[in-house]
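Participant: Input file: work.cif. Contents: mmCIF, C-alpha atoms and all ligand atoms.
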```cif
data_upload
#
loop_
_atom_site.label_atom_id
_atom_site.label_comp_id
_atom_site.auth_asym_id
_atom_site.auth_seq_id
_atom_site.Cartn_x
_atom_site.Cartn_y
_atom_site.Cartn_z
CA MET A 1 157.98 86.60 122.78
CA SER A 2 156.50 90.06 122.42
CA LEU A 3 155.23 93.25 123.82
CA VAL A 4 152.41 92.27 126.16
CA PHE A 5 151.42 95.64 127.60
CA ALA A 6 151.76 99.29 126.58
CA GLY A 7 150.53 102.29 128.50
CA VAL A 8 151.36 105.74 129.76
CA CYS A 9 151.10 107.47 133.11
CA SER A 10 152.04 110.68 134.88
CA HIS A 11 155.10 110.86 137.09
CA ALA A 12 154.96 114.25 138.79
CA PRO A 13 156.71 114.27 142.18
CA GLY A 14 153.71 115.91 143.86
CA ILE A 15 151.55 112.83 143.13
CA VAL A 16 153.01 111.20 146.22
CA GLY A 17 155.01 114.01 147.83
CA ARG A 18 152.09 116.43 148.11
CA LYS A 19 149.25 113.91 148.21
CA ASP A 20 147.66 115.43 151.30
CA ARG A 21 147.20 118.76 149.58
CA ALA A 22 145.16 117.50 146.62
CA ASP A 23 141.40 117.26 146.21
CA PRO A 24 140.91 113.82 147.79
CA VAL A 25 138.28 112.73 145.25
CA LEU A 26 140.56 113.43 142.29
CA ARG A 27 143.60 112.00 144.02
CA ASP A 28 141.80 108.79 144.95
CA GLY A 29 140.51 108.48 141.41
CA LEU A 30 144.06 108.75 140.11
CA TYR A 31 145.34 106.24 142.64
CA ALA A 32 142.55 103.83 141.66
CA ALA A 33 143.52 104.17 138.00
CA PHE A 34 147.14 103.43 138.88
CA GLU A 35 145.93 100.33 140.72
CA ARG A 36 143.90 99.28 137.68
CA MET A 37 147.04 99.68 135.60
CA ARG A 38 149.04 97.65 138.10
CA LEU A 39 146.54 94.81 137.83
CA ALA A 40 146.52 95.01 134.03
CA ILE A 41 150.31 94.78 133.93
CA GLU A 42 150.21 91.85 136.33
CA ALA A 43 147.58 90.11 134.18
CA ALA A 44 149.86 90.47 131.14
CA ARG A 45 152.44 88.33 133.02
CA PRO A 46 155.50 90.29 131.90
CA ASP A 47 159.06 89.16 132.56
CA ALA A 48 160.21 92.76 132.65
CA LEU A 49 158.85 96.29 132.61
CA VAL A 50 160.46 98.85 130.31
CA VAL A 51 159.90 102.36 131.67
CA ILE A 52 160.39 105.09 129.09
CA ALA A 53 160.92 108.16 131.20
CA ALA A 54 161.80 111.78 130.78
CA GLU A 55 164.83 111.98 132.97
CA HIS A 56 165.39 115.17 134.96
CA PHE A 57 169.17 115.43 135.34
CA ALA A 58 169.52 112.58 137.79
CA ASN A 59 171.95 110.70 135.56
CA PHE A 60 172.64 112.74 132.49
CA PHE A 61 173.88 116.28 132.15
CA MET A 62 174.92 118.60 129.35
CA ASN A 63 178.48 117.29 129.49
CA ASN A 64 177.38 114.08 127.80
CA MET A 65 173.67 114.03 127.02
CA PRO A 66 172.22 111.03 125.20
CA ALA A 67 169.14 111.58 123.05
CA ILE A 68 167.96 108.13 124.14
CA CYS A 69 169.60 105.88 126.70
CA MET A 70 168.59 102.42 127.93
CA GLY A 71 169.64 100.88 131.23
CA MET A 72 171.75 97.74 131.23
CA GLY A 73 172.25 97.25 134.96
CA GLU A 74 171.76 94.25 137.22
CA HIS A 75 169.88 96.61 139.52
CA TYR A 76 169.12 100.26 140.03
CA GLU A 77 168.56 102.59 142.95
CA GLY A 78 165.98 105.24 143.58
CA PRO A 79 164.54 107.62 144.21
CA ILE A 80 167.45 110.04 144.08
CA GLU A 81 165.29 112.76 145.64
CA ASP A 82 164.97 113.36 149.34
CA GLU A 83 162.72 110.57 150.62
CA ALA A 84 160.50 112.82 152.69
CA TRP A 85 160.16 115.36 149.87
CA LEU A 86 159.06 112.72 147.38
CA GLY A 87 157.21 110.51 149.86
CA ILE A 88 158.93 107.38 148.58
CA LYS A 89 161.60 105.36 150.38
CA ARG A 90 164.89 104.76 148.60
CA THR A 91 165.29 101.18 147.50
CA ARG A 92 167.10 98.87 145.15
CA VAL A 93 165.10 97.87 142.07
CA PRO A 94 165.97 94.71 140.17
CA GLY A 95 167.05 95.00 136.54
CA ASP A 96 167.82 92.34 133.96
CA ALA A 97 171.19 93.09 132.39
CA GLN A 98 171.01 90.24 129.90
CA LEU A 99 167.58 91.15 128.66
CA SER A 100 168.66 94.80 128.45
CA LYS A 101 171.65 93.85 126.36
CA ALA A 102 169.51 91.75 124.03
CA LEU A 103 166.97 94.56 123.63
CA ILE A 104 169.67 97.16 123.03
CA GLU A 105 171.32 94.99 120.38
CA GLU A 106 168.02 94.55 118.59
CA VAL A 107 167.00 98.21 118.83
CA MET A 108 170.41 99.28 117.49
CA ASN A 109 169.52 97.67 114.17
CA ASP A 110 167.05 100.48 113.67
CA ILE A 111 168.08 103.43 115.83
CA ASP A 112 171.17 104.57 117.72
CA LEU A 113 170.96 104.69 121.46
CA ALA A 114 173.24 104.94 124.46
CA TYR A 115 173.32 102.47 127.33
CA ALA A 116 174.12 102.81 131.01
CA GLN A 117 175.05 100.13 133.52
CA GLU A 118 174.25 102.37 136.45
CA TRP A 119 171.22 104.52 136.86
CA LYS A 120 169.64 106.39 139.71
CA PHE A 121 165.90 106.60 139.34
CA ASP A 122 164.29 109.98 139.90
CA HIS A 123 160.58 110.71 140.27
CA GLY A 124 160.11 110.03 136.54
CA ILE A 125 160.51 106.32 137.28
CA SER A 126 160.14 106.08 141.06
CA VAL A 127 156.63 107.56 141.16
CA PRO A 128 155.21 105.11 138.57
CA LEU A 129 156.97 102.15 140.22
CA HIS A 130 155.61 103.16 143.62
CA PHE A 131 152.15 102.40 142.23
CA LEU A 132 152.81 99.79 139.56
CA THR A 133 155.39 97.49 141.15
CA PRO A 134 155.09 98.42 144.82
CA ARG A 135 156.97 95.31 145.96
CA TYR A 136 159.79 96.01 143.47
CA ASP A 137 159.65 92.40 142.38
CA LEU A 138 159.49 92.89 138.60
CA PRO A 139 162.74 93.56 136.73
CA VAL A 140 162.74 97.09 135.35
CA ILE A 141 164.59 98.37 132.31
CA PRO A 142 164.79 102.15 132.33
CA VAL A 143 164.88 104.27 129.20
CA ASN A 144 165.56 107.97 129.16
CA ILE A 145 164.53 110.35 126.43
CA ASN A 146 166.12 113.76 126.83
CA CYS A 147 163.20 116.18 127.20
CA GLN A 148 165.07 118.81 129.25
CA GLY A 149 168.27 120.00 127.61
CA PRO A 150 167.82 121.02 123.95
CA PRO A 151 168.59 120.08 121.27
CA LEU A 152 165.98 117.37 121.81
CA ILE A 153 165.41 114.33 119.65
CA PRO A 154 162.67 114.96 117.02
CA LEU A 155 159.27 113.41 117.69
CA LYS A 156 159.48 111.18 114.61
CA ARG A 157 162.62 109.59 116.06
CA CYS A 158 160.78 108.90 119.32
CA TYR A 159 158.09 107.10 117.36
CA GLU A 160 160.79 105.18 115.48
CA PHE A 161 162.41 104.22 118.77
CA GLY A 162 159.07 102.80 119.91
CA ARG A 163 158.74 100.81 116.70
CA ALA A 164 162.28 99.49 117.11
CA LEU A 165 161.52 98.49 120.68
CA ARG A 166 158.44 96.60 119.53
CA ARG A 167 160.48 94.71 116.91
CA ALA A 168 163.12 93.96 119.55
CA CYS A 169 160.46 92.54 121.89
CA ALA A 170 159.09 90.38 119.08
CA ALA A 171 162.56 88.95 118.45
CA LEU A 172 163.11 87.84 122.06
CA PRO A 173 161.51 85.02 124.06
CA GLN A 174 160.55 87.22 127.03
CA ARG A 175 157.21 88.88 127.66
CA ILE A 176 157.74 92.60 127.96
CA ALA A 177 155.54 95.41 129.27
CA VAL A 178 156.28 99.02 128.42
CA ILE A 179 155.09 102.24 129.98
CA GLY A 180 155.85 105.81 129.03
CA THR A 181 155.83 108.39 131.78
CA GLY A 182 155.56 112.12 131.49
CA GLY A 183 153.42 115.16 131.81
CA ILE A 184 151.36 116.41 128.97
CA SER A 185 150.98 120.17 129.24
CA HIS A 186 152.59 121.50 132.40
CA TRP A 187 154.90 124.15 133.74
CA PRO A 188 156.62 122.22 136.53
CA ALA A 189 159.26 123.86 138.69
CA THR A 190 158.26 127.37 137.63
CA PRO A 191 156.14 130.09 139.26
CA ASP A 192 153.38 128.76 136.98
CA SER A 193 153.47 125.32 138.59
CA GLY A 194 149.88 124.10 138.66
CA ARG A 195 148.96 125.68 135.34
CA ILE A 196 147.53 123.00 133.03
CA ASN A 197 146.11 123.35 129.51
CA GLU A 198 143.30 120.84 129.74
CA ALA A 199 142.03 121.35 126.18
CA TRP A 200 145.53 120.79 124.81
CA ASP A 201 145.92 117.67 126.92
CA ARG A 202 142.60 116.20 125.82
CA ALA A 203 143.37 116.88 122.15
CA PHE A 204 146.78 115.24 122.51
CA LEU A 205 145.38 112.22 124.36
CA ASP A 206 142.77 111.76 121.65
CA LYS A 207 145.51 111.53 119.02
CA PHE A 208 147.53 109.28 121.30
CA ILE A 209 144.83 106.70 121.95
CA GLY A 210 143.83 106.84 118.27
CA ASN A 211 147.52 106.23 117.53
CA ARG A 212 147.28 108.75 114.71
CA ARG A 213 150.94 108.92 113.84
CA GLU A 214 150.84 111.87 111.44
CA GLU A 215 148.95 114.01 113.91
CA LEU A 216 151.21 113.06 116.79
CA LEU A 217 154.32 113.87 114.79
CA ALA A 218 152.89 117.19 113.61
CA TYR A 219 153.49 118.82 117.02
CA LYS A 220 156.25 121.42 116.89
CA ASP A 221 158.35 122.12 119.97
CA GLU A 222 158.07 125.89 119.69
CA GLN A 223 154.29 125.70 119.73
CA THR A 224 154.26 123.01 122.41
CA TRP A 225 156.43 125.26 124.57
CA ARG A 226 154.01 128.19 124.15
CA GLU A 227 150.81 126.21 124.65
CA ALA A 228 151.87 123.35 126.90
CA GLY A 229 154.92 124.65 128.70
CA GLN A 230 158.45 123.34 128.84
CA GLY A 231 157.00 120.23 130.52
CA GLY A 232 155.10 119.54 127.28
CA PHE A 233 158.33 118.29 125.71
CA GLU A 234 157.72 115.10 127.68
CA ILE A 235 155.14 114.04 125.07
CA ARG A 236 158.18 112.28 123.61
CA THR A 237 157.69 109.41 126.04
CA PHE A 238 154.03 109.01 125.02
CA ILE A 239 154.96 109.14 121.35
CA ALA A 240 157.54 106.39 121.86
CA VAL A 241 154.79 104.22 123.38
CA ALA A 242 152.51 105.03 120.44
CA GLY A 243 155.32 103.81 118.16
CA ALA A 244 155.68 100.64 120.21
CA ALA A 245 151.93 100.08 119.88
CA GLU A 246 151.74 101.06 116.20
CA GLY A 247 148.57 99.75 114.60
CA HIS A 248 146.75 99.61 117.91
CA THR A 249 144.49 102.09 119.64
CA GLY A 250 143.88 102.63 123.30
CA GLU A 251 141.78 104.05 126.03
CA VAL A 252 142.17 106.83 128.58
CA TRP A 253 141.50 105.35 132.01
CA PHE A 254 141.97 108.57 133.92
CA TYR A 255 142.54 112.22 133.18
CA ALA A 256 142.12 115.12 135.57
CA PRO A 257 144.06 118.32 136.10
CA ILE A 258 145.30 118.30 139.70
CA PRO A 259 147.10 121.64 140.14
CA ILE A 260 148.99 120.80 143.35
CA PHE A 261 150.45 117.82 141.46
CA ALA A 262 151.43 120.33 138.72
CA VAL A 263 150.04 118.20 135.89
CA GLY A 264 146.94 116.83 134.21
CA CYS A 265 147.16 113.41 135.77
CA THR A 266 146.84 110.69 133.18
CA ILE A 267 146.58 106.94 132.88
CA ALA A 268 146.05 105.55 129.37
CA VAL A 269 146.51 102.07 127.99
CA MET A 270 146.86 100.72 124.47
CA ARG A 271 144.85 97.65 123.52
CA LEU A 272 147.38 95.22 122.08
CA ARG A 273 145.49 92.65 120.08
CA HIS A 274 146.10 89.01 120.73
CA GLU A 275 147.74 88.18 117.39
CA ASP A 276 150.74 90.11 118.61
CA GLU A 277 151.51 87.51 121.23
CA MET B 1 178.07 134.02 132.34
CA SER B 2 178.71 130.50 133.47
CA LEU B 3 175.23 129.11 133.81
CA TYR B 4 176.58 125.75 132.76
CA ALA B 5 178.85 125.64 135.82
CA VAL B 6 176.04 126.73 138.16
CA GLN B 7 173.85 123.94 136.86
CA LYS B 8 176.65 121.42 137.00
CA LEU B 9 177.32 122.18 140.65
CA ILE B 10 173.62 121.75 141.47
CA TYR B 11 173.45 118.55 139.39
CA GLN B 12 176.34 117.10 141.37
CA LEU B 13 174.84 118.23 144.68
CA ASN B 14 171.55 116.54 143.82
CA ARG B 15 173.26 113.36 142.77
CA ASP B 16 176.18 112.83 145.09
CA PRO B 17 175.98 112.73 148.91
CA ARG B 18 179.72 113.45 149.10
CA VAL B 19 179.26 116.77 147.33
CA ARG B 20 176.45 117.60 149.75
CA GLU B 21 178.83 116.75 152.58
CA GLN B 22 181.35 119.20 151.17
CA LEU B 23 178.67 121.86 151.00
CA ALA B 24 178.14 121.42 154.72
CA GLN B 25 181.86 121.30 155.61
CA ASP B 26 183.57 123.67 153.17
CA PHE B 27 181.11 125.59 151.03
CA ASP B 28 183.67 128.06 149.72
CA GLY B 29 186.08 125.28 148.81
CA LEU B 30 183.29 123.58 146.88
CA LEU B 31 182.35 126.79 145.04
CA ALA B 32 186.00 127.39 144.14
CA GLN B 33 185.99 124.22 142.05
CA TYR B 34 183.55 125.76 139.58
CA GLU B 35 184.03 128.64 137.18
CA LEU B 36 181.45 131.00 138.62
CA SER B 37 180.88 134.74 138.53
CA GLU B 38 180.54 136.54 141.83
CA GLU B 39 176.81 136.97 141.28
CA GLU B 40 176.48 133.24 140.75
CA ARG B 41 178.61 132.32 143.76
CA ASN B 42 176.55 134.58 145.99
CA ALA B 43 173.25 133.33 144.60
CA ILE B 44 174.25 129.76 145.33
CA ARG B 45 175.66 130.52 148.77
CA ASP B 46 172.80 132.71 150.08
CA PRO B 47 170.86 130.95 148.53
CA ASP B 48 168.92 133.33 146.28
CA ILE B 49 166.58 130.82 144.68
CA GLY B 50 164.76 133.60 142.79
CA LEU B 51 167.96 134.86 141.22
CA LEU B 52 169.08 131.36 140.28
CA TYR B 53 165.71 130.87 138.60
CA VAL B 54 166.02 134.17 136.72
CA MET B 55 169.56 133.25 135.63
CA GLY B 56 167.99 130.30 133.82
CA VAL B 57 168.88 127.36 136.06
CA ASN B 58 166.71 124.45 134.93
CA GLY B 59 163.81 123.94 137.32
CA GLN B 60 164.42 120.21 137.59
CA LEU B 61 167.76 121.07 139.16
CA LEU B 62 166.71 124.12 141.15
CA MET B 63 163.65 122.44 142.70
CA HIS B 64 165.91 120.00 144.53
CA TYR B 65 168.51 122.59 145.50
CA ALA B 66 165.72 124.68 147.06
CA ALA B 67 164.54 121.62 149.00
CA LEU B 68 168.12 120.87 150.08
CA ARG B 69 168.44 124.41 151.44
CA GLY B 70 165.23 124.04 153.43
CA PHE B 71 162.61 125.66 151.20
CA GLY B 72 159.17 124.11 151.59
CA TRP B 73 157.01 123.88 148.46
CA ASN B 74 155.19 127.19 148.88
CA ALA B 75 158.36 129.05 149.88
CA TYR B 76 160.12 127.68 146.81
CA ILE B 77 157.37 128.82 144.42
CA GLU B 78 157.22 132.20 146.14
CA ALA B 79 161.02 132.59 145.90
CA MET B 80 160.82 132.20 142.12
CA ARG B 81 158.02 134.79 141.93
CA GLU B 82 160.02 137.15 144.13
CA GLY B 83 163.04 136.60 141.85
CA GLU B 84 161.04 137.66 138.80
CA ARG B 85 159.75 140.76 140.61
CA LYS B 86 163.21 141.73 141.78
CA TYR B 87 165.42 140.77 138.83
CA GLY B 88 163.04 140.70 135.88
CA PRO B 89 162.12 137.85 133.55
CA VAL B 90 164.17 134.69 133.19
CA ARG B 91 167.23 135.57 131.13
CA THR B 92 167.88 132.43 129.15
CA GLY B 93 166.95 128.80 128.56
CA LEU B 94 163.69 126.87 128.56
CA TYR B 95 162.23 128.92 131.38
CA THR B 96 162.23 132.31 129.71
CA SER B 97 158.71 133.44 130.42
CA ALA B 98 158.11 135.47 127.24
CA GLY B 99 155.38 133.65 125.39
CA SER B 100 154.80 131.07 128.06
CA ARG B 101 152.37 133.21 130.04
CA SER B 102 148.90 133.71 128.72
FE FE A 301 158.87 115.16 134.19
#
```
Here is the file; what I need is its structure written in the form of structure tokens.
Facilitator:
Amino acid sequence: MSLVFAGVCSHAPGIVGRKDRADPVLRDGLYAAFERMRLAIEAARPDALVVIAAEHFANFFMNNMPAICMGMGEHYEGPIEDEAWLGIKRTRVPGDAQLSKALIEEVMNDIDLAYAQEWKFDHGISVPLHFLTPRYDLPVIPVNINCQGPPLIPLKRCYEFGRALRRACAALPQRIAVIGTGGISHWPATPDSGRINEAWDRAFLDKFIGNRREELLAYKDEQTWREAGQGGFEIRTFIAVAGAAEGHTGEVWFYAPIPIFAVGCTIAVMRLRHEDE
Amino acid sequence: MSLYAVQKLIYQLNRDPRVREQLAQDFDGLLAQYELSEEERNAIRDPDIGLLYVMGVNGQLLMHYAALRGFGWNAYIEAMREGERKYGPVRTGLYTSAGSRS
């Protein structure tokens, strides 16, 4: 049928794992925005949720690193992290192998990608699902974009992947929701954890919700690294969602730097116009 | 330098409960399976989280190894700071601090 929902959210492990250490007002605001996103996804009545995540070496390593990989499993397991550390219980999450296969075949017309029939979710997927599909009753199709081990896929290819995904959704009978998950500026897992470049984040989000392709693709990794940290490479997941929602603009539902969560916590949603359906 | 092997060992520890079991039962036997320098072997065994960080181990790997070896959040962050004080800036990879600190 088509893409029925497109949005982005943060996935930092501290969002659940260190929830008691955050400013409760900001944390509750973030949680409320996640809940609003959950309801919006539910209202879009999707048959499956594609989660475009920045994997963190849970499944892929430098012995065989795909630029982009899509899951094709019957089911998945996660989180891989220690349950107490992440604050999320390990569980089995349903997939939809047939739908995955159909999507992968369609996407491959436009862009190469790898597939994987097993996948262990890390916080990049488990944190969003904890809020967005808390009963784990919606089939999930994971996507990984390598944002950790350079060489990384260029931003323009991320946008192209998003466009290809949108075309794939349009070619299939199912209703599909997509979310991208990642930090914007952040320095996670470093002594600078908690540092956040709010001005950089707000400028990026403005381009993202405006879906201004040229401006989004003008970011250069070297500069991103200096201004937004190594975590800033995760803008690839947002840019893929912008590609999937090409021609549409969106709205930021929540943004606030929450240092103990190590990221400017973000929920933003694209307004997909009805003619798409 | 065999940073790749250090990271691969930590990747497998994070991912595979059987490798974690081997760490508990036969740490030296586990380390012997990887091409590591003495400095690397010691840093993993101790563990010297600060030195591993300075060697350039990716934080998304090291964060979980620190947790596995009993470091709470604050202790883990402090261990990285201590590593930089003791061994100097991160030597290689995405985490080299030159330019990333304002
Ligand atoms: Fe991440």
Participant: Go ahead and compute the interatomic distance for CA of Glu55 in chain A and CA of Phe233 in chain A, in Å to one decimal.
Facilitator: 11.6 Å
Participant: Ranking B:Ala79, B:Leu36, B:Tyr53, B:Gln60 by minimum distance to ligand FE 301 (chain A) and counting only C-alpha atoms and all ligand atoms, which one comes first?
Facilitator: B:Gln60
Participant: Compute the set of chain A residues within 8 Å of chain B, using only C-alpha atoms, and express it as a ChimeraX atom specification.
Facilitator: /A:56-59,61,80-81,85,188-191,193,225-227,229-230
Participant: For Leu3 in chain B, which of B:Met55, B:Arg41, B:Leu30, B:Arg91 is the closest residue, counting all atoms listed in the file?
Facilitator: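 Between B:Met55, B:Arg41, B:Leu30, B:Arg91, the residue approaching Leu3 in chain B most closely is B:Met55.
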Participant: Tell me, counting all atoms listed in the file, for each residue of chain A within 7 Å of ligand FE 301 (chain A), which pair of atoms is nearest and how far apart they are in Å to one decimal, in rows ordered by chain and increasing number, as a tab-separated table.
Facilitator:
```
residue	atom	partner	partner_atom	distance
A:His11	CA	A:FE301	FE	6.4
A:Ala12	CA	A:FE301	FE	6.1
A:Ala54	CA	A:FE301	FE	5.6
A:Glu55	CA	A:FE301	FE	6.9
A:His56	CA	A:FE301	FE	6.6
A:Gly124	CA	A:FE301	FE	5.8
A:Gly182	CA	A:FE301	FE	5.2
A:Gly183	CA	A:FE301	FE	5.9
A:Gly231	CA	A:FE301	FE	6.5
A:Glu234	CA	A:FE301	FE	6.6
```
Participant: Could you pull the residues within 7 Å of Ala244 in chain A, counting all atoms listed in the file, minus those fewer than 2 positions along the same chain, as an MDAnalysis selection string?
Facilitator: chainID A and resid 162:163 165:166 240:242 246
Participant: Deliver the residues from the most recent selection as a file, using C-alpha atoms, as a compact mmCIF listing (two decimals), in the coordinates of the input.
Facilitator:
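Result written to again_33.txt:
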```
# COMPACT_ATOMS: atom_id res chain seq x y z
CA GLY A 162 159.07 102.80 119.91
CA ARG A 163 158.74 100.81 116.70
CA LEU A 165 161.52 98.49 120.68
CA ARG A 166 158.44 96.60 119.53
CA ALA A 240 157.54 106.39 121.86
CA VAL A 241 154.79 104.22 123.38
CA ALA A 242 152.51 105.03 120.44
CA GLU A 246 151.74 101.06 116.20
```
Participant: Need to verify the contact set: Ala102 in chain A, 12 Å, only C-alpha atoms, exclusion of same-chain residues closer than 2 positions in sequence. Can you return it as a list in words?
Facilitator: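 Non-adjacent residues within range: Met70, Gly71, Met72, Asp96, Ala97, Gln98, Leu99, Ser100, Ile104, Glu105, Glu106, Val107, Met108, Asn109, Tyr115, Ile141, Leu165, Arg167, Ala168, Cys169, Ala170, Ala171, Leu172, Pro173 and Gln174 of chain A.
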Participant: I'd like the interatomic distance between CA of Gly210 in chain A and CA of Thr237 in chain A, to a tenth of an Å.
Facilitator: 16.1 Å
Participant: Provide the CA of Ala164 in chain A to CA of Glu74 in chain A distance in Å, to one decimal place.
Facilitator: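 Going from CA of Ala164 in chain A over to CA of Glu74 in chain A, I get 22.8 Å.
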Participant: As a PyMOL selection string, please: the residues near range 176-181 of chain A (cut-off 9 Å, all atoms listed in the file, same-chain neighbours under 6 positions excluded).
Facilitator: chain A and resi 1-11+41+44-54+124-125+128+169+234-241+244+269
Participant: Residues of the last selection are to be written out with C-alpha atoms, as an mmCIF file, keeping the file's coordinate frame.
Facilitator:
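Output file selection.cif follows:
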```cif
data_model
loop_
_atom_site.group_PDB
_atom_site.id
_atom_site.type_symbol
_atom_site.label_atom_id
_atom_site.label_comp_id
_atom_site.auth_asym_id
_atom_site.auth_seq_id
_atom_site.Cartn_x
_atom_site.Cartn_y
_atom_site.Cartn_z
ATOM 1 C CA MET A 1 157.980 86.600 122.780
ATOM 2 C CA SER A 2 156.500 90.060 122.420
ATOM 3 C CA LEU A 3 155.230 93.250 123.820
ATOM 4 C CA VAL A 4 152.410 92.270 126.160
ATOM 5 C CA PHE A 5 151.420 95.640 127.600
ATOM 6 C CA ALA A 6 151.760 99.290 126.580
ATOM 7 C CA GLY A 7 150.530 102.290 128.500
ATOM 8 C CA VAL A 8 151.360 105.740 129.760
ATOM 9 C CA CYS A 9 151.100 107.470 133.110
ATOM 10 C CA SER A 10 152.040 110.680 134.880
ATOM 11 C CA HIS A 11 155.100 110.860 137.090
ATOM 12 C CA ILE A 41 150.310 94.780 133.930
ATOM 13 C CA ALA A 44 149.860 90.470 131.140
ATOM 14 C CA ARG A 45 152.440 88.330 133.020
ATOM 15 C CA PRO A 46 155.500 90.290 131.900
ATOM 16 C CA ASP A 47 159.060 89.160 132.560
ATOM 17 C CA ALA A 48 160.210 92.760 132.650
ATOM 18 C CA LEU A 49 158.850 96.290 132.610
ATOM 19 C CA VAL A 50 160.460 98.850 130.310
ATOM 20 C CA VAL A 51 159.900 102.360 131.670
ATOM 21 C CA ILE A 52 160.390 105.090 129.090
ATOM 22 C CA ALA A 53 160.920 108.160 131.200
ATOM 23 C CA ALA A 54 161.800 111.780 130.780
ATOM 24 C CA GLY A 124 160.110 110.030 136.540
ATOM 25 C CA ILE A 125 160.510 106.320 137.280
ATOM 26 C CA PRO A 128 155.210 105.110 138.570
ATOM 27 C CA CYS A 169 160.460 92.540 121.890
ATOM 28 C CA GLU A 234 157.720 115.100 127.680
ATOM 29 C CA ILE A 235 155.140 114.040 125.070
ATOM 30 C CA ARG A 236 158.180 112.280 123.610
ATOM 31 C CA THR A 237 157.690 109.410 126.040
ATOM 32 C CA PHE A 238 154.030 109.010 125.020
ATOM 33 C CA ILE A 239 154.960 109.140 121.350
ATOM 34 C CA ALA A 240 157.540 106.390 121.860
ATOM 35 C CA VAL A 241 154.790 104.220 123.380
ATOM 36 C CA ALA A 244 155.680 100.640 120.210
ATOM 37 C CA VAL A 269 146.510 102.070 127.990
#
```
Participant: Extract, using all atoms listed in the file, all DNA, RNA and protein residues at most 12 Å from range 23-25 of chain B, discarding same-chain residues fewer than 3 positions from it, and format them as a VMD selection string.
Facilitator: chain B and resid 9 to 10 12 to 14 16 to 20 28 to 33 44 to 45 65 68 to 69
Participant: May I have the residues from that selection written out with C-alpha atoms, as a short mmCIF file (atom, residue, chain, number, x, y, z; two decimals), in the frame of the given file?
Facilitator:
```
data_model
loop_
_atom_site.label_atom_id
_atom_site.label_comp_id
_atom_site.auth_asym_id
_atom_site.auth_seq_id
_atom_site.Cartn_x
_atom_site.Cartn_y
_atom_site.Cartn_z
CA LEU B 9 177.32 122.18 140.65
CA ILE B 10 173.62 121.75 141.47
CA GLN B 12 176.34 117.10 141.37
CA LEU B 13 174.84 118.23 144.68
CA ASN B 14 171.55 116.54 143.82
CA ASP B 16 176.18 112.83 145.09
CA PRO B 17 175.98 112.73 148.91
CA ARG B 18 179.72 113.45 149.10
CA VAL B 19 179.26 116.77 147.33
CA ARG B 20 176.45 117.60 149.75
CA ASP B 28 183.67 128.06 149.72
CA GLY B 29 186.08 125.28 148.81
CA LEU B 30 183.29 123.58 146.88
CA LEU B 31 182.35 126.79 145.04
CA ALA B 32 186.00 127.39 144.14
CA GLN B 33 185.99 124.22 142.05
CA ILE B 44 174.25 129.76 145.33
CA ARG B 45 175.66 130.52 148.77
CA TYR B 65 168.51 122.59 145.50
CA LEU B 68 168.12 120.87 150.08
CA ARG B 69 168.44 124.41 151.44
#
```
